[in-house]
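*Asks:* Quick one: this structure, given as structure tokens, is what I'll be asking you about.
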Amino acid sequence: MRIDVVTIFPEYLEPLNVSLVGKARARGQLLVEVHNLRDWTHDRHNTVDDTPYGGGPGMVMKPDPWGEALDRVEARGRADERTATADPVLVVPAPSGRPFTQALAVELSEKPWLVFAPARYEGIDRRVIDEYAGRWEVHEVSIGDYVLAGGEAAVLVITEAVARLLPGVLGNAESHRDDSFAPGAMADLLEGPVYTKPPEWRGRGIPEVLLSGHHGRIARWRRDEAFRRTAAHRPDLIERCDPAALDKHDRAVLAELGWRPGPDGRFGRPGSDVEE
Ligand SMILES: C[S@@+](CC[C@H](N)C(=O)[O-])C[C@H]1O[C@@H](n2cnc3c(N)ncnc32)[C@H](O)[C@@H]1O
């Protein structure tokens, strides 16, 4: 995969040299190029922002440097034999974007070429996003319901979530299949607790079943714990769980926690007035 990031703070992206993403780059599984937006300004002060039309506080990023930068990034990518025939996918971090989820991480991990446009100030002049949406696939993506000072932290988050899904990047290719939110059996579930050696620490043991060597019972225990944790931390996920994906045992665990199925089979929170 090729990733281009255009930013006014290239140094903010330095963590992309360490750990899993850094190793993926060193192995050639991931190519990352970080570009300084100010390289495409033409005034003495390298200005990238201006006052907003309509007035109001804050500044808006000017379209000209962004347009020149993205055109140049496209030309560079097309000159790279790995992405010569690919289409760039533009990812614009924005609190007003579509929520970033594991499903979107999977979708983006299947693209050969991502271009990130993290903004500062009040964001980028809208015409830039509209212009590139006419040429490329564009995703405006939010990493959560809060407002950061800039999109670079969102680029780090999205890149790490995407890179660990690339073939060969994780030591054990199976490991992300059991993660919280992993498409499939874990799509609407959080992973339960995990333990390692020693078997006793400060008087605390580990659940007996994990020592049983019985794969079926261990898998069942893990799924039960996933339901317990999800019900406690993210009841909204239980509410949207597809009833067809729940087996008898799943239903029993939810019933034990006070959840009841409504007329459509979906479970409602304890205390809510779902009709049985
Ligand atoms: C100060 S914010 C602008 C917020 C904008 N005025 C709004 O209310 O939607 C500056 C930039 O930080 C990034 N950003 C802030 N919060 C974000 C979030 N939750 N997810 C993704 N990017 C975010 C975006 O690139 C955004 O354009």
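Letters for chains follow the order of the structure tokens (A, B, ...), residue numbers begin at 1 for each chain, and ligand numbers begin at 1 in the order shown.
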Within 12 Å of A:Glu131, counting only C-alpha atoms, which residues show up once you throw out same-chain ones fewer than 4 positions away? Write them as a list in words, please.

*Replies:*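 Those residues are Pro63, Asp64, Trp66, Gly67, Leu70, Asp71, Leu90, Asp125, Arg126, Arg127, Arg135, Trp136, Glu137 and Val138 of chain A.
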
*Asks:* Kindly provide the residues of chain A that approach ligand 1 to within 9 Å, each paired with its closest atom pair and their distance in Å to one decimal, based on only C-alpha atoms and all ligand atoms, listed by chain and increasing number, as CSV.

*Replies:*
```
residue,atom,partner,partner_atom_place_in_ligand_line,distance
A:Gly58,CA,ligand 1,6 (N),8.3
A:Val92,CA,ligand 1,25 (O),6.6
A:Pro93,CA,ligand 1,22 (N),3.9
A:Ala94,CA,ligand 1,22 (N),3.8
A:Pro95,CA,ligand 1,18 (C),3.8
A:Ser96,CA,ligand 1,9 (O),5.1
A:Gly97,CA,ligand 1,21 (C),7.2
A:Pro99,CA,ligand 1,20 (N),8.1
A:Phe100,CA,ligand 1,20 (N),8.3
A:Ala117,CA,ligand 1,25 (O),7.4
A:Pro118,CA,ligand 1,25 (O),4.5
A:Ala119,CA,ligand 1,25 (O),3.9
A:Arg120,CA,ligand 1,10 (C),4.3
A:Tyr121,CA,ligand 1,10 (C),5.0
A:Glu122,CA,ligand 1,6 (N),4.1
A:Gly123,CA,ligand 1,27 (O),3.7
A:Ile124,CA,ligand 1,27 (O),6.6
A:Glu140,CA,ligand 1,21 (C),8.3
A:Val141,CA,ligand 1,21 (C),5.9
A:Ser142,CA,ligand 1,20 (N),3.5
A:Ile143,CA,ligand 1,20 (N),4.1
A:Gly144,CA,ligand 1,19 (N),4.5
A:Asp145,CA,ligand 1,19 (N),5.5
A:Tyr146,CA,ligand 1,19 (N),4.9
A:Val147,CA,ligand 1,16 (N),3.6
A:Leu148,CA,ligand 1,15 (C),3.7
A:Ala149,CA,ligand 1,1 (C),4.4
A:Gly150,CA,ligand 1,12 (O),3.2
A:Gly151,CA,ligand 1,13 (C),3.5
A:Glu152,CA,ligand 1,25 (O),7.2
A:Ala153,CA,ligand 1,22 (N),7.7
A:Ala154,CA,ligand 1,21 (C),5.2
A:Val155,CA,ligand 1,22 (N),8.1
```

*Asks:* Compile the contact shell of A:Phe267 as a VMD selection string: residues with an atom at most 8 Å away, counting only C-alpha atoms, same-chain residues fewer than 5 positions apart removed.

*Replies:* chain A and resid 238 to 241 243 259 to 262

*Asks:* Residues as selected, C-alpha atoms, written as a short mmCIF file (atom, residue, chain, number, x, y, z; two decimals), in the first residue's frame, can you do that?

*Replies:*
```cif
data_model
loop_
_atom_site.label_atom_id
_atom_site.label_comp_id
_atom_site.auth_asym_id
_atom_site.auth_seq_id
_atom_site.Cartn_x
_atom_site.Cartn_y
_atom_site.Cartn_z
CA ILE A 238 -25.96 -5.17 22.03
CA GLU A 239 -29.10 -3.32 20.96
CA ARG A 240 -28.06 -3.43 17.33
CA CYS A 241 -26.80 -7.06 17.43
CA PRO A 243 -30.66 -11.58 16.48
CA TRP A 259 -31.57 -8.10 28.68
CA ARG A 260 -34.85 -9.14 26.99
CA PRO A 261 -35.67 -9.66 23.29
CA GLY A 262 -38.26 -7.31 21.77
#
```

*Asks:* To one decimal place, how far is atom CA of A:Asp264 from atom CA of A:Ala252 in Å?

*Replies:* 17.4 Å

*Asks:* Counting only C-alpha atoms, what are the residues of stretch 176-202 of chain A within 10 Å of stretch 230-234 of chain A, and for each of them which pair of atoms is the nearest and at what distance in Å, to one decimal? Sort the table by chain and rising number, as JSON lines.

*Replies:*
```
{"residue": "A:Ser180", "atom": "CA", "partner": "A:Thr230", "partner_atom": "CA", "distance": 9.5}
{"residue": "A:Asp188", "atom": "CA", "partner": "A:Thr230", "partner_atom": "CA", "distance": 8.3}
{"residue": "A:Leu189", "atom": "CA", "partner": "A:Thr230", "partner_atom": "CA", "distance": 5.8}
{"residue": "A:Leu190", "atom": "CA", "partner": "A:Thr230", "partner_atom": "CA", "distance": 5.3}
{"residue": "A:Glu191", "atom": "CA", "partner": "A:Thr230", "partner_atom": "CA", "distance": 8.0}
{"residue": "A:Gly192", "atom": "CA", "partner": "A:Thr230", "partner_atom": "CA", "distance": 8.4}
```

*Asks:* Only N, CA and C atoms, please: the residues just picked out, written as a short mmCIF file (atom, residue, chain, number, x, y, z; two decimals), in the first residue's frame.

*Replies:*
```
data_model
loop_
_atom_site.label_atom_id
_atom_site.label_comp_id
_atom_site.auth_asym_id
_atom_site.auth_seq_id
_atom_site.Cartn_x
_atom_site.Cartn_y
_atom_site.Cartn_z
N SER A 180 -11.99 -6.97 19.03
CA SER A 180 -13.23 -6.22 19.15
C SER A 180 -13.58 -5.66 17.77
N ASP A 188 -20.15 -6.78 16.40
CA ASP A 188 -20.76 -5.85 17.35
C ASP A 188 -20.37 -6.20 18.79
N LEU A 189 -19.19 -6.77 18.94
CA LEU A 189 -18.77 -7.20 20.28
C LEU A 189 -17.40 -6.65 20.64
N LEU A 190 -17.19 -6.47 21.96
CA LEU A 190 -15.87 -6.10 22.47
C LEU A 190 -15.18 -7.36 22.96
N GLU A 191 -13.87 -7.41 22.81
CA GLU A 191 -13.15 -8.58 23.29
C GLU A 191 -13.16 -8.58 24.83
N GLY A 192 -13.23 -9.77 25.40
CA GLY A 192 -13.22 -9.91 26.86
C GLY A 192 -11.81 -9.84 27.42
#
```

*Asks:* Here is a test: counting only C-alpha atoms, which residue of A:Pro52, A:Pro199, A:Pro65, A:Gly265 is nearest to A:Ala244?

*Replies:*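 Closest to A:Ala244, using only C-alpha atoms: A:Gly265.
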
*Asks:* Using only C-alpha atoms, which residue out of A:Pro207, A:Leu254, A:Pro15, A:Lys62 lies closest to A:Asn46?

*Replies:*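 Going through A:Pro207, A:Leu254, A:Pro15, A:Lys62 one by one, the smallest distance to A:Asn46 is for A:Lys62.
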
*Asks:* Neighbours of stretch 5-12 of chain A within 6 Å (only C-alpha atoms; same-chain residues fewer than 4 positions away dropped), as a ChimeraX atom specification?

*Replies:* /A:34-37,115-117

*Asks:* Between A:Leu31, A:Asp39, A:Ala24, A:Tyr132, which residue has the minimum interatomic distance to A:Glu74, considering only C-alpha atoms?

*Replies:* A:Tyr132

*Asks:* Counting only C-alpha atoms, which residue out of A:Ile3, A:Leu20, A:Met61, A:Arg228 sits closest to A:Leu170?

*Replies:*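 That would be A:Leu20, the residue with the smallest distance to A:Leu170.
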
*Asks:* Looking only at the backbone, which of the residues in stretch 22-264 of chain A does DSSP tag as alpha helix (DSSP H), as a PyMOL selection string?

*Replies:* chain A and resi 22-26+63-79+102-109+126-133+152-163+215-233+235-240+248-256

*Asks:* I'd like the neighbourhood of A:Thr51 as an MDAnalysis selection string, where a residue qualifies if any of its atoms comes within 7 Å (using only C-alpha atoms), though same-chain residues fewer than 2 positions away should be ignored.

*Replies:* chainID A and resid 53 59:60

*Asks:* Figure out the distance between atom CA of A:Ala226 and atom CA of A:Arg202, please, to one decimal in Å.

*Replies:* 25.1 Å

*Asks:* Using backbone DSSP assignments, extract all strand (DSSP E or B) residues from stretch 13-230 of chain A; output them as a ChimeraX atom specification.

*Replies:* /A:31-36,49-50,60-61,89-99,113-116,124,137-142,201,204

*Asks:* Those same residues - N, CA and C atoms - I'd like them written as an mmCIF file, in the first residue's frame.

*Replies:*
```
data_model
loop_
_atom_site.group_PDB
_atom_site.id
_atom_site.type_symbol
_atom_site.label_atom_id
_atom_site.label_comp_id
_atom_site.auth_asym_id
_atom_site.auth_seq_id
_atom_site.Cartn_x
_atom_site.Cartn_y
_atom_site.Cartn_z
ATOM 1 N N LEU A 31 4.422 1.978 1.864
ATOM 2 C CA LEU A 31 5.258 3.130 1.512
ATOM 3 C C LEU A 31 4.533 4.366 2.032
ATOM 4 N N VAL A 32 5.210 5.189 2.834
ATOM 5 C CA VAL A 32 4.572 6.413 3.337
ATOM 6 C C VAL A 32 5.395 7.611 2.885
ATOM 7 N N GLU A 33 4.741 8.576 2.245
ATOM 8 C CA GLU A 33 5.421 9.839 1.914
ATOM 9 C C GLU A 33 4.659 10.975 2.573
ATOM 10 N N VAL A 34 5.390 11.798 3.331
ATOM 11 C CA VAL A 34 4.770 12.940 4.017
ATOM 12 C C VAL A 34 5.217 14.210 3.295
ATOM 13 N N HIS A 35 4.266 15.059 2.951
ATOM 14 C CA HIS A 35 4.555 16.260 2.155
ATOM 15 C C HIS A 35 4.165 17.508 2.941
ATOM 16 N N ASN A 36 4.972 18.539 2.837
ATOM 17 C CA ASN A 36 4.673 19.792 3.540
ATOM 18 C C ASN A 36 3.817 20.687 2.648
ATOM 19 N N ASP A 49 -3.736 29.840 5.043
ATOM 20 C CA ASP A 49 -5.082 30.088 5.562
ATOM 21 C C ASP A 49 -5.520 31.505 5.275
ATOM 22 N N ASP A 50 -6.832 31.715 5.368
ATOM 23 C CA ASP A 50 -7.381 33.052 5.160
ATOM 24 C C ASP A 50 -8.684 33.154 5.951
ATOM 25 N N VAL A 60 -9.652 29.609 7.564
ATOM 26 C CA VAL A 60 -9.967 28.461 6.692
ATOM 27 C C VAL A 60 -8.765 28.208 5.798
ATOM 28 N N MET A 61 -8.456 26.930 5.532
ATOM 29 C CA MET A 61 -7.296 26.627 4.676
ATOM 30 C C MET A 61 -7.623 26.948 3.225
ATOM 31 N N VAL A 89 -7.283 7.189 -3.116
ATOM 32 C CA VAL A 89 -8.478 7.346 -2.284
ATOM 33 C C VAL A 89 -8.138 8.440 -1.284
ATOM 34 N N LEU A 90 -8.912 9.536 -1.339
ATOM 35 C CA LEU A 90 -8.616 10.678 -0.469
ATOM 36 C C LEU A 90 -9.339 10.519 0.866
ATOM 37 N N VAL A 91 -8.584 10.604 1.960
ATOM 38 C CA VAL A 91 -9.178 10.520 3.298
ATOM 39 C C VAL A 91 -8.998 11.880 3.965
ATOM 40 N N VAL A 92 -10.127 12.523 4.266
ATOM 41 C CA VAL A 92 -10.099 13.855 4.872
ATOM 42 C C VAL A 92 -10.606 13.739 6.312
ATOM 43 N N PRO A 93 -9.708 13.823 7.306
ATOM 44 C CA PRO A 93 -10.186 13.750 8.687
ATOM 45 C C PRO A 93 -11.038 14.978 9.003
ATOM 46 N N ALA A 94 -12.178 14.758 9.644
ATOM 47 C CA ALA A 94 -13.078 15.864 9.991
ATOM 48 C C ALA A 94 -14.038 15.399 11.073
ATOM 49 N N PRO A 95 -14.255 16.210 12.118
ATOM 50 C CA PRO A 95 -15.233 15.782 13.130
ATOM 51 C C PRO A 95 -16.614 15.604 12.520
ATOM 52 N N SER A 96 -16.859 16.275 11.379
ATOM 53 C CA SER A 96 -18.170 16.172 10.725
ATOM 54 C C SER A 96 -18.221 15.002 9.738
ATOM 55 N N GLY A 97 -17.164 14.161 9.727
ATOM 56 C CA GLY A 97 -17.135 13.052 8.769
ATOM 57 C C GLY A 97 -17.879 11.830 9.259
ATOM 58 N N ARG A 98 -17.796 10.772 8.449
ATOM 59 C CA ARG A 98 -18.417 9.487 8.794
ATOM 60 C C ARG A 98 -17.553 8.842 9.882
ATOM 61 N N PRO A 99 -18.163 8.219 10.903
ATOM 62 C CA PRO A 99 -17.355 7.659 11.992
ATOM 63 C C PRO A 99 -16.367 6.612 11.496
ATOM 64 N N TRP A 113 -3.879 2.691 -2.450
ATOM 65 C CA TRP A 113 -3.266 4.023 -2.346
ATOM 66 C C TRP A 113 -4.189 4.977 -1.592
ATOM 67 N N LEU A 114 -3.729 5.414 -0.426
ATOM 68 C CA LEU A 114 -4.507 6.388 0.360
ATOM 69 C C LEU A 114 -3.767 7.722 0.391
ATOM 70 N N VAL A 115 -4.513 8.792 0.243
ATOM 71 C CA VAL A 115 -3.938 10.146 0.366
ATOM 72 C C VAL A 115 -4.682 10.834 1.506
ATOM 73 N N PHE A 116 -3.966 11.262 2.538
ATOM 74 C CA PHE A 116 -4.601 11.925 3.683
ATOM 75 C C PHE A 116 -4.450 13.443 3.570
ATOM 76 N N ILE A 124 -10.609 22.801 5.597
ATOM 77 C CA ILE A 124 -10.167 23.149 4.236
ATOM 78 C C ILE A 124 -11.354 23.738 3.469
ATOM 79 N N GLU A 137 -12.096 8.644 -5.229
ATOM 80 C CA GLU A 137 -12.981 8.232 -4.134
ATOM 81 C C GLU A 137 -12.571 9.084 -2.921
ATOM 82 N N VAL A 138 -13.542 9.668 -2.250
ATOM 83 C CA VAL A 138 -13.219 10.543 -1.111
ATOM 84 C C VAL A 138 -13.999 10.095 0.123
ATOM 85 N N HIS A 139 -13.305 10.000 1.261
ATOM 86 C CA HIS A 139 -13.965 9.692 2.540
ATOM 87 C C HIS A 139 -13.646 10.796 3.527
ATOM 88 N N GLU A 140 -14.674 11.447 4.040
ATOM 89 C CA GLU A 140 -14.478 12.369 5.164
ATOM 90 C C GLU A 140 -14.726 11.533 6.421
ATOM 91 N N VAL A 141 -13.733 11.484 7.298
ATOM 92 C CA VAL A 141 -13.760 10.512 8.391
ATOM 93 C C VAL A 141 -13.521 11.183 9.739
ATOM 94 N N SER A 142 -14.381 10.831 10.705
ATOM 95 C CA SER A 142 -14.205 11.330 12.075
ATOM 96 C C SER A 142 -13.692 10.203 12.956
ATOM 97 N N TRP A 201 -0.923 -14.076 40.487
ATOM 98 C CA TRP A 201 -0.225 -12.801 40.645
ATOM 99 C C TRP A 201 -0.932 -11.992 41.728
ATOM 100 N N ARG A 204 -4.068 -13.259 42.867
ATOM 101 C CA ARG A 204 -5.151 -13.342 41.868
ATOM 102 C C ARG A 204 -4.848 -14.450 40.881
#
```

*Asks:* Smallest atom-to-atom distance to A:Gln29: which of A:Met1, A:Leu257, A:Leu165, A:Trp221, using only C-alpha atoms?

*Replies:*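 Nearest to A:Gln29: A:Met1.
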